[in-house]
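Below: the structure, in C-alpha cells.
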Amino acid sequence: MVKGMHSGTEASAPSAPIAKAGRPPRAAALVQLLDSGIAVLRRKLSAGELGSLPVVLVLAAVWITFQSLNDSFLSPRNLSNLSVDIVGTGLIAVGIVFVLLIGELDLSVGSISGLAAAVFAVLNVNNGVPEWLAFVSAVLAGTLAGTLQGYSVAKTRVPAFVITLAGLLTFNGLMLYILGTSGTVNLDENGLVAHLTSYYFTHDAAAYGLAAVGTGLVFLVSHQDRRRRMAVGMPHRSLQGVVVRTAMLAAVAFTAAYLLNRFQGLPLALLIFLVVVAVLDILLRRTHYGRQVYALGGSIEAARRASLNVTGVQTAVLAVSGTMAALGGLFLASRITSVSQGAGSGLLLLNAIAAAVIGGTSLFGGRGTTWSAVLGMLVIQSIASGMVITDTPTAVQFMITGGVLFAAVVIDALARRSQEAHGRA
C-alpha cells in the first residue's frame, strides 16, 4: 500500500475501489493514508504503546479550559512567561527522567539545586569570583554530588531513593552552612545569570529560525531512521507518515514563534532549554550509553549478566541528574535574582518528579524520553499559570495537579500491563 502511493500510475490499482465511489485519486490516497494512520494508532494503543498522546490531550484540555475562563491565558505575554517559567524546574525534571529510566528515584535534586545556587552566589557576590567561573563551579558541585550518590548506589546496591534521601538532608544542610547567617544573597541584575531568564532575542528571525531549524532536523532524523530500518528489514514509518508528522510539528513550532514574536521575542532561557533537551535526547536514543540506560531499566540483573558496566551507568545517571539539578537551580535563582535559605525547598522536588511522570516516563523504568519532562512541565506550569490568572485558590491547584499525576501513574501501570500481555515488557 505504501509503495502504491509513490506515483500516480502505481496508486491507481489499490485506490480503484475508492475512486469508483466518486473520489479523485488524490483524495483516495489521502483516505488510504488516514486509514493506515488510524490502524497503526489503534494497534499501538491496544499494545499499550501510548507515547505522548495522553499528556498532549491533557495539555489541550487544560489550555482550552483556562482560555474559556479567561481569554488572556493564551495571550502572547502569558505564553512567553510560561515558556520561561518552565525552564528551571524543567531542567531538573530532565535529570529525573534519566534516573526513572533505570527504575530508580532521586530525592536530592531539590537540595542540589539550592546548593548550586548558594555556591554561585557566595563565590560571585560575597567573594568576587568572576561569574563564569562561579557558574562552572556551581554546576560542577551538582555533578560531584550526583556522582558520589550514583557510585554509592552502584556499590552498596541500596535503592537510590534511600541514598538520595540522605543526600537531600546533607546537601540542604550544606547549602545553609554556605549561605551562613546572611540568609539571602542578591544577585547582580545585569549579570550573566540574571540574563539567563531576562534576555530576549527581539528580532523575528530568531524565533522563526529556531522553528525552521528544529523542524528540519526532526525531518532529517526521522527520514534517516526510516531508511536505516528499511535497510535491515525492520518496521518503519511510511514517507507520507514522516512528512505528516513533520508538518504537524512545523505548525506548532511556527505558531509558537509567531506568538513569542508578538511579545518580546524568543527567550534565551527557552532556547537553552530546548537545546539541552535535544542534546540529551540524542545522548539517550542515539548512543551506546543511552542504550545501556534503557537496558538497565528493562532488567538490571539481565544487564549484569550481559556484562554491561552497571556501576558506570548508574554512577553516570545520577551524575547527569545532579548536573541538571544544578543548572535548574541557577535558572531558578536567575528568575528572582536572589538566593535564600529556602532555595530548592517547597514543591520543587515534587513538581520535578511529577513533570517527568506526567510527561510519560515510566515509574517502572525503561520507557520515556527527555521530551517527556518538557510536556509534563508544560502541564504543571499551565495549571499554575491558569490558577493565577483566574484567581483560583492554591489548594485547588494542588488537587488538580495531584489528580493529573494520579491519572498518569494509572495510565502507566495499565500500559505496562498491556505490554506484558503482548509480550513487549
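Labels used: A, B, ... for chains in the order of the C-alpha cells, numbers from 1 for residues in each chain, and numbers from 1 for ligands as shown.
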So that I can check the surroundings of segment 132-135 of chain A, please list as a list in words every protein, DNA and RNA residue that reaches within 12 Å of it, counting only C-alpha atoms and ignoring chain neighbours fewer than 5 positions away.
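Residues meeting the cut-off are Ala116, Ala117, Ala118, Val119, Phe120, Ala121, Val122, Leu123, Asn124, Val125, Asn126, Asn127, Leu140, Ala141, Gly142, Gly191, Leu192, Val193, Ala194, Leu196, Thr323, Ala326, Leu327, Gly329, Leu330, Phe331, Ala333 and Ser334 of chain A.
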Selected residues written out with N, CA, C and O atoms, as a JSON list (two decimals), in the first residue's frame:
```json
[["chain", "number", "residue", "atom", "x", "y", "z"],
["A", 116, "ALA", "N", 23.77, 24.43, 44.55],
["A", 116, "ALA", "CA", 24.46, 25.04, 43.41],
["A", 116, "ALA", "C", 24.23, 26.54, 43.37],
["A", 116, "ALA", "O", 25.17, 27.32, 43.11],
["A", 117, "ALA", "N", 23.00, 26.97, 43.60],
["A", 117, "ALA", "CA", 22.69, 28.40, 43.60],
["A", 117, "ALA", "C", 23.46, 29.11, 44.72],
["A", 117, "ALA", "O", 23.97, 30.23, 44.53],
["A", 118, "ALA", "N", 23.56, 28.47, 45.89],
["A", 118, "ALA", "CA", 24.29, 29.06, 47.01],
["A", 118, "ALA", "C", 25.77, 29.17, 46.71],
["A", 118, "ALA", "O", 26.41, 30.19, 47.02],
["A", 119, "VAL", "N", 26.33, 28.12, 46.09],
["A", 119, "VAL", "CA", 27.76, 28.15, 45.72],
["A", 119, "VAL", "C", 28.03, 29.31, 44.77],
["A", 119, "VAL", "O", 29.01, 30.06, 44.94],
["A", 120, "PHE", "N", 27.18, 29.46, 43.78],
["A", 120, "PHE", "CA", 27.37, 30.55, 42.82],
["A", 120, "PHE", "C", 27.28, 31.91, 43.52],
["A", 120, "PHE", "O", 28.14, 32.78, 43.31],
["A", 121, "ALA", "N", 26.25, 32.11, 44.33],
["A", 121, "ALA", "CA", 26.02, 33.41, 44.96],
["A", 121, "ALA", "C", 27.16, 33.79, 45.89],
["A", 121, "ALA", "O", 27.65, 34.93, 45.87],
["A", 122, "VAL", "N", 27.61, 32.85, 46.71],
["A", 122, "VAL", "CA", 28.67, 33.14, 47.67],
["A", 122, "VAL", "C", 29.99, 33.41, 46.95],
["A", 122, "VAL", "O", 30.73, 34.34, 47.29],
["A", 123, "LEU", "N", 30.31, 32.60, 45.94],
["A", 123, "LEU", "CA", 31.55, 32.80, 45.20],
["A", 123, "LEU", "C", 31.56, 34.13, 44.45],
["A", 123, "LEU", "O", 32.53, 34.89, 44.51],
["A", 124, "ASN", "N", 30.47, 34.42, 43.75],
["A", 124, "ASN", "CA", 30.43, 35.61, 42.91],
["A", 124, "ASN", "C", 30.18, 36.89, 43.70],
["A", 124, "ASN", "O", 30.92, 37.87, 43.57],
["A", 125, "VAL", "N", 29.13, 36.90, 44.50],
["A", 125, "VAL", "CA", 28.73, 38.12, 45.19],
["A", 125, "VAL", "C", 29.59, 38.39, 46.42],
["A", 125, "VAL", "O", 30.08, 39.51, 46.63],
["A", 126, "ASN", "N", 29.78, 37.37, 47.24],
["A", 126, "ASN", "CA", 30.50, 37.58, 48.51],
["A", 126, "ASN", "C", 32.01, 37.55, 48.36],
["A", 126, "ASN", "O", 32.73, 38.18, 49.14],
["A", 127, "ASN", "N", 32.53, 36.81, 47.36],
["A", 127, "ASN", "CA", 33.97, 36.65, 47.25],
["A", 127, "ASN", "C", 34.55, 37.21, 45.95],
["A", 127, "ASN", "O", 35.77, 37.10, 45.72],
["A", 140, "LEU", "N", 29.57, 22.14, 38.58],
["A", 140, "LEU", "CA", 30.43, 21.02, 38.96],
["A", 140, "LEU", "C", 30.11, 20.51, 40.36],
["A", 140, "LEU", "O", 30.26, 19.31, 40.64],
["A", 141, "ALA", "N", 29.66, 21.40, 41.23],
["A", 141, "ALA", "CA", 29.25, 20.97, 42.57],
["A", 141, "ALA", "C", 28.07, 20.01, 42.48],
["A", 141, "ALA", "O", 28.01, 19.00, 43.19],
["A", 142, "GLY", "N", 27.13, 20.32, 41.58],
["A", 142, "GLY", "CA", 26.00, 19.43, 41.37],
["A", 142, "GLY", "C", 26.43, 18.10, 40.76],
["A", 142, "GLY", "O", 25.94, 17.04, 41.15],
["A", 191, "GLY", "N", 23.94, 40.88, 35.51],
["A", 191, "GLY", "CA", 24.98, 39.88, 35.34],
["A", 191, "GLY", "C", 24.59, 38.74, 34.42],
["A", 191, "GLY", "O", 23.46, 38.67, 33.91],
["A", 192, "LEU", "N", 25.50, 37.82, 34.26],
["A", 192, "LEU", "CA", 25.32, 36.67, 33.37],
["A", 192, "LEU", "C", 24.13, 35.81, 33.77],
["A", 192, "LEU", "O", 23.26, 35.49, 32.95],
["A", 193, "VAL", "N", 24.06, 35.44, 35.03],
["A", 193, "VAL", "CA", 22.99, 34.55, 35.49],
["A", 193, "VAL", "C", 21.64, 35.24, 35.40],
["A", 193, "VAL", "O", 20.64, 34.63, 34.99],
["A", 194, "ALA", "N", 21.58, 36.51, 35.75],
["A", 194, "ALA", "CA", 20.31, 37.24, 35.67],
["A", 194, "ALA", "C", 19.80, 37.28, 34.24],
["A", 194, "ALA", "O", 18.59, 37.20, 33.98],
["A", 196, "LEU", "N", 20.05, 35.03, 32.04],
["A", 196, "LEU", "CA", 19.57, 33.74, 31.56],
["A", 196, "LEU", "C", 18.07, 33.72, 31.37],
["A", 196, "LEU", "O", 17.56, 33.06, 30.46],
["A", 323, "THR", "N", 23.86, 17.21, 37.78],
["A", 323, "THR", "CA", 24.23, 18.32, 36.90],
["A", 323, "THR", "C", 23.01, 19.12, 36.47],
["A", 323, "THR", "O", 23.01, 20.36, 36.50],
["A", 326, "ALA", "N", 21.66, 21.21, 39.29],
["A", 326, "ALA", "CA", 22.45, 22.42, 39.49],
["A", 326, "ALA", "C", 22.08, 23.49, 38.45],
["A", 326, "ALA", "O", 21.89, 24.67, 38.79],
["A", 327, "LEU", "N", 21.97, 23.07, 37.19],
["A", 327, "LEU", "CA", 21.57, 24.02, 36.14],
["A", 327, "LEU", "C", 20.19, 24.60, 36.43],
["A", 327, "LEU", "O", 19.96, 25.81, 36.30],
["A", 329, "GLY", "N", 18.74, 24.90, 39.30],
["A", 329, "GLY", "CA", 18.82, 25.81, 40.44],
["A", 329, "GLY", "C", 19.33, 27.19, 40.05],
["A", 329, "GLY", "O", 18.84, 28.21, 40.56],
["A", 330, "LEU", "N", 20.28, 27.24, 39.13],
["A", 330, "LEU", "CA", 20.80, 28.53, 38.67],
["A", 330, "LEU", "C", 19.76, 29.30, 37.87],
["A", 330, "LEU", "O", 19.66, 30.53, 37.97],
["A", 331, "PHE", "N", 18.96, 28.59, 37.07],
["A", 331, "PHE", "CA", 17.90, 29.27, 36.33],
["A", 331, "PHE", "C", 16.79, 29.76, 37.27],
["A", 331, "PHE", "O", 16.22, 30.83, 37.05],
["A", 333, "ALA", "N", 17.28, 30.68, 40.37],
["A", 333, "ALA", "CA", 17.86, 31.85, 41.03],
["A", 333, "ALA", "C", 17.85, 33.06, 40.10],
["A", 333, "ALA", "O", 17.62, 34.20, 40.53],
["A", 334, "SER", "N", 18.08, 32.81, 38.81],
["A", 334, "SER", "CA", 18.06, 33.88, 37.82],
["A", 334, "SER", "C", 16.68, 34.53, 37.73],
["A", 334, "SER", "O", 16.57, 35.75, 37.56]]
```
If you run DSSP on this backbone, which residues of segment 188-398 of chain A come out as alpha helix (DSSP H), and could you give them as a VMD selection string?
chain A and resid 192 to 198 204 to 231 239 to 261 268 to 286 288 to 298 300 to 305 310 to 336 348 to 358 370 to 389 394 to 398
Write out, as a compact mmCIF listing (two decimals), in the first residue's frame, the residues just selected, with C-alpha atoms.
```txt
# COMPACT_ATOMS: atom_id res chain seq x y z
CA LEU A 192 25.32 36.67 33.37
CA VAL A 193 22.99 34.55 35.49
CA ALA A 194 20.31 37.24 35.67
CA HIS A 195 20.32 37.46 31.86
CA LEU A 196 19.57 33.74 31.56
CA THR A 197 15.87 34.42 32.14
CA SER A 198 15.62 38.12 31.29
CA ASP A 204 11.56 37.95 14.49
CA ALA A 205 14.09 35.87 12.57
CA ALA A 206 15.38 34.28 15.79
CA ALA A 207 12.12 32.56 16.72
CA TYR A 208 11.23 31.63 13.14
CA GLY A 209 14.78 30.42 12.53
CA LEU A 210 14.61 28.15 15.58
CA ALA A 211 11.28 26.77 14.37
CA ALA A 212 12.68 26.12 10.89
CA VAL A 213 15.93 24.52 12.10
CA GLY A 214 14.13 22.37 14.66
CA THR A 215 11.56 21.15 12.17
CA GLY A 216 14.20 20.45 9.56
CA LEU A 217 16.34 18.44 11.97
CA VAL A 218 13.34 16.37 13.05
CA PHE A 219 12.54 15.56 9.43
CA LEU A 220 16.15 14.60 8.62
CA VAL A 221 16.48 12.40 11.71
CA SER A 222 13.11 10.73 11.10
CA HIS A 223 13.89 10.16 7.43
CA GLN A 224 17.33 8.74 8.20
CA ASP A 225 15.84 6.46 10.84
CA ARG A 226 13.26 5.27 8.32
CA ARG A 227 15.94 4.47 5.72
CA ARG A 228 18.08 2.62 8.26
CA ARG A 229 15.14 0.49 9.36
CA MET A 230 14.18 -0.25 5.77
CA ALA A 231 17.73 -1.40 5.02
CA LEU A 239 7.44 8.51 3.90
CA GLN A 240 3.99 10.10 3.95
CA GLY A 241 3.79 9.44 7.68
CA VAL A 242 7.12 11.16 8.26
CA VAL A 243 6.00 14.15 6.19
CA VAL A 244 2.66 14.46 8.00
CA ARG A 245 4.34 14.17 11.40
CA THR A 246 6.88 16.85 10.47
CA ALA A 247 4.17 19.11 9.09
CA MET A 248 2.23 18.91 12.36
CA LEU A 249 5.37 19.78 14.32
CA ALA A 250 6.07 22.67 11.95
CA ALA A 251 2.58 24.06 12.51
CA VAL A 252 3.08 24.02 16.29
CA ALA A 253 6.62 25.44 16.10
CA PHE A 254 5.80 28.33 13.77
CA THR A 255 2.64 29.19 15.70
CA ALA A 256 4.69 29.34 18.89
CA ALA A 257 7.30 31.51 17.13
CA TYR A 258 4.58 33.88 15.91
CA LEU A 259 3.13 34.26 19.41
CA LEU A 260 6.55 34.79 21.02
CA ASN A 261 7.38 37.49 18.45
CA LEU A 268 17.20 32.95 25.81
CA ALA A 269 16.07 30.60 28.59
CA LEU A 270 13.73 28.71 26.25
CA LEU A 271 16.43 28.41 23.58
CA ILE A 272 18.92 26.95 26.08
CA PHE A 273 16.29 24.60 27.46
CA LEU A 274 15.32 23.19 24.08
CA VAL A 275 18.96 22.76 23.01
CA VAL A 276 19.84 20.93 26.25
CA VAL A 277 16.78 18.67 25.96
CA ALA A 278 17.56 17.88 22.30
CA VAL A 279 21.22 17.07 23.04
CA LEU A 280 20.30 14.80 25.94
CA ASP A 281 17.63 13.13 23.80
CA ILE A 282 20.32 12.30 21.24
CA LEU A 283 22.53 11.02 24.04
CA LEU A 284 19.76 8.70 25.25
CA ARG A 285 18.42 7.41 21.96
CA ARG A 286 21.42 7.51 19.61
CA HIS A 288 25.75 3.25 23.29
CA TYR A 289 25.42 4.88 26.71
CA GLY A 290 21.74 5.61 26.12
CA ARG A 291 21.05 2.03 25.09
CA GLN A 292 22.71 0.87 28.31
CA VAL A 293 20.45 3.16 30.34
CA TYR A 294 17.33 1.66 28.75
CA ALA A 295 18.76 -1.84 29.23
CA LEU A 296 19.18 -1.25 32.97
CA GLY A 297 15.59 -0.03 33.12
CA GLY A 298 14.42 -3.25 31.48
CA ILE A 300 19.31 -4.69 35.94
CA GLU A 301 20.13 -8.36 36.55
CA ALA A 302 19.92 -9.10 32.85
CA ALA A 303 22.20 -6.13 32.23
CA ARG A 304 24.75 -7.55 34.68
CA ARG A 305 24.62 -10.95 33.01
CA VAL A 310 26.22 -1.35 35.60
CA THR A 311 28.34 0.60 38.09
CA GLY A 312 29.43 3.10 35.46
CA VAL A 313 25.94 3.60 34.06
CA GLN A 314 24.29 4.06 37.46
CA THR A 315 27.00 6.50 38.51
CA ALA A 316 26.68 8.44 35.26
CA VAL A 317 22.86 8.60 35.52
CA LEU A 318 22.96 10.15 38.99
CA ALA A 319 25.76 12.46 37.83
CA VAL A 320 23.53 13.70 34.99
CA SER A 321 20.69 14.17 37.48
CA GLY A 322 22.93 16.22 39.79
CA THR A 323 24.23 18.32 36.90
CA MET A 324 20.74 19.10 35.63
CA ALA A 325 19.59 19.91 39.18
CA ALA A 326 22.45 22.42 39.49
CA LEU A 327 21.57 24.02 36.14
CA GLY A 328 17.92 24.19 37.12
CA GLY A 329 18.82 25.81 40.44
CA LEU A 330 20.80 28.53 38.67
CA PHE A 331 17.90 29.27 36.33
CA LEU A 332 15.50 29.43 39.29
CA ALA A 333 17.86 31.85 41.03
CA SER A 334 18.06 33.88 37.82
CA ARG A 335 14.28 34.24 37.73
CA ILE A 336 14.20 36.00 41.12
CA LEU A 348 10.29 21.90 43.69
CA LEU A 349 11.17 18.22 44.12
CA LEU A 350 7.56 17.07 43.80
CA ASN A 351 6.96 19.18 40.69
CA ALA A 352 10.13 17.88 39.01
CA ILE A 353 9.18 14.25 39.62
CA ALA A 354 5.56 14.89 38.66
CA ALA A 355 6.62 16.57 35.40
CA ALA A 356 8.68 13.55 34.36
CA VAL A 357 5.91 11.08 35.21
CA ILE A 358 3.05 13.13 33.77
CA THR A 370 13.78 13.85 27.75
CA TRP A 371 10.87 15.46 25.90
CA SER A 372 8.59 13.80 28.45
CA ALA A 373 9.82 16.32 31.01
CA VAL A 374 9.03 19.22 28.67
CA LEU A 375 5.44 18.10 28.12
CA GLY A 376 4.90 17.29 31.79
CA MET A 377 6.32 20.63 32.90
CA LEU A 378 4.07 22.42 30.41
CA VAL A 379 1.04 20.75 32.01
CA ILE A 380 2.08 21.60 35.58
CA GLN A 381 3.07 25.20 34.84
CA SER A 382 -0.01 25.74 32.67
CA ILE A 383 -2.20 24.71 35.60
CA ALA A 384 -0.28 27.04 37.94
CA SER A 385 -0.47 29.93 35.47
CA GLY A 386 -4.17 29.36 34.81
CA MET A 387 -4.89 29.33 38.53
CA VAL A 388 -3.19 32.69 38.97
CA ILE A 389 -4.99 34.28 36.03
CA THR A 394 -3.78 27.35 45.58
CA ALA A 395 -5.47 24.39 47.24
CA VAL A 396 -7.41 23.72 44.03
CA GLN A 397 -4.16 23.85 42.04
CA PHE A 398 -2.67 21.15 44.26
```
Could you work out how far atom CA of Ile102 of chain A lies from atom CA of Ile400 of chain A, giving the answer in Å with one decimal?
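Here the two named atoms are 28.4 Å from each other.
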Step one, run DSSP on the backbone; step two, keep only residues of segment 93-251 of chain A assigned to strand (DSSP E or B); then write them as a ChimeraX atom specification.
/A:184-186,200-201
Excluding Tyr200 of chain A and any residue of its chain fewer than 6 positions from it, enumerate the residues within 6 Å of it, using only C-alpha atoms, and give them as a PDB file with C-alpha atoms, in the first residue's frame.
```pdb
ATOM      1  CA  GLY A 265      10.673  37.643  21.001  1.00  0.00           C
ATOM      2  CA  LEU A 266      12.490  34.369  21.655  1.00  0.00           C
ATOM      3  CA  PRO A 267      13.571  33.993  25.321  1.00  0.00           C
ATOM      4  CA  LEU A 268      17.200  32.952  25.806  1.00  0.00           C
TER       5      LEU A 268
END
```
Just the residues within 9 Å of Pro159 of chain A, please, counting only C-alpha atoms, with nothing from its chain fewer than 5 positions along; format it as a list in words.
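Listing them by chain and then by number gives Glu104, Leu105, Val153 and Thr164 of chain A.
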So, with only C-alpha atoms as the atoms that count, which of A:Thr392, A:Val339, A:Leu79, A:Ser345 lies closest to Leu187 of chain A?
A:Val339
For Phe364 of chain A, list every protein, DNA or RNA residue within 8 Å, evaluated using only C-alpha atoms, and leave out those in the same chain fewer than 5 positions away; present the list as an NGL selection string.
:A and (100-101 or 103 or 297)
Selection above as a file: C-alpha atoms, as a PDB file, in the first residue's frame:
```
ATOM      1  CA  LEU A 100      13.481   6.964  36.296  1.00  0.00           C
ATOM      2  CA  LEU A 101      14.668   5.196  33.151  1.00  0.00           C
ATOM      3  CA  GLY A 103      13.852   2.265  37.649  1.00  0.00           C
ATOM      4  CA  GLY A 297      15.590  -0.035  33.125  1.00  0.00           C
TER       5      GLY A 297
END
```
Find the residue from A:Ala343, A:Leu82, A:Leu74, A:Ile411 that sits nearest to Leu363 of chain A; use only C-alpha atoms when measuring.
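Smallest separation from Leu363 of chain A among the options: A:Ile411.
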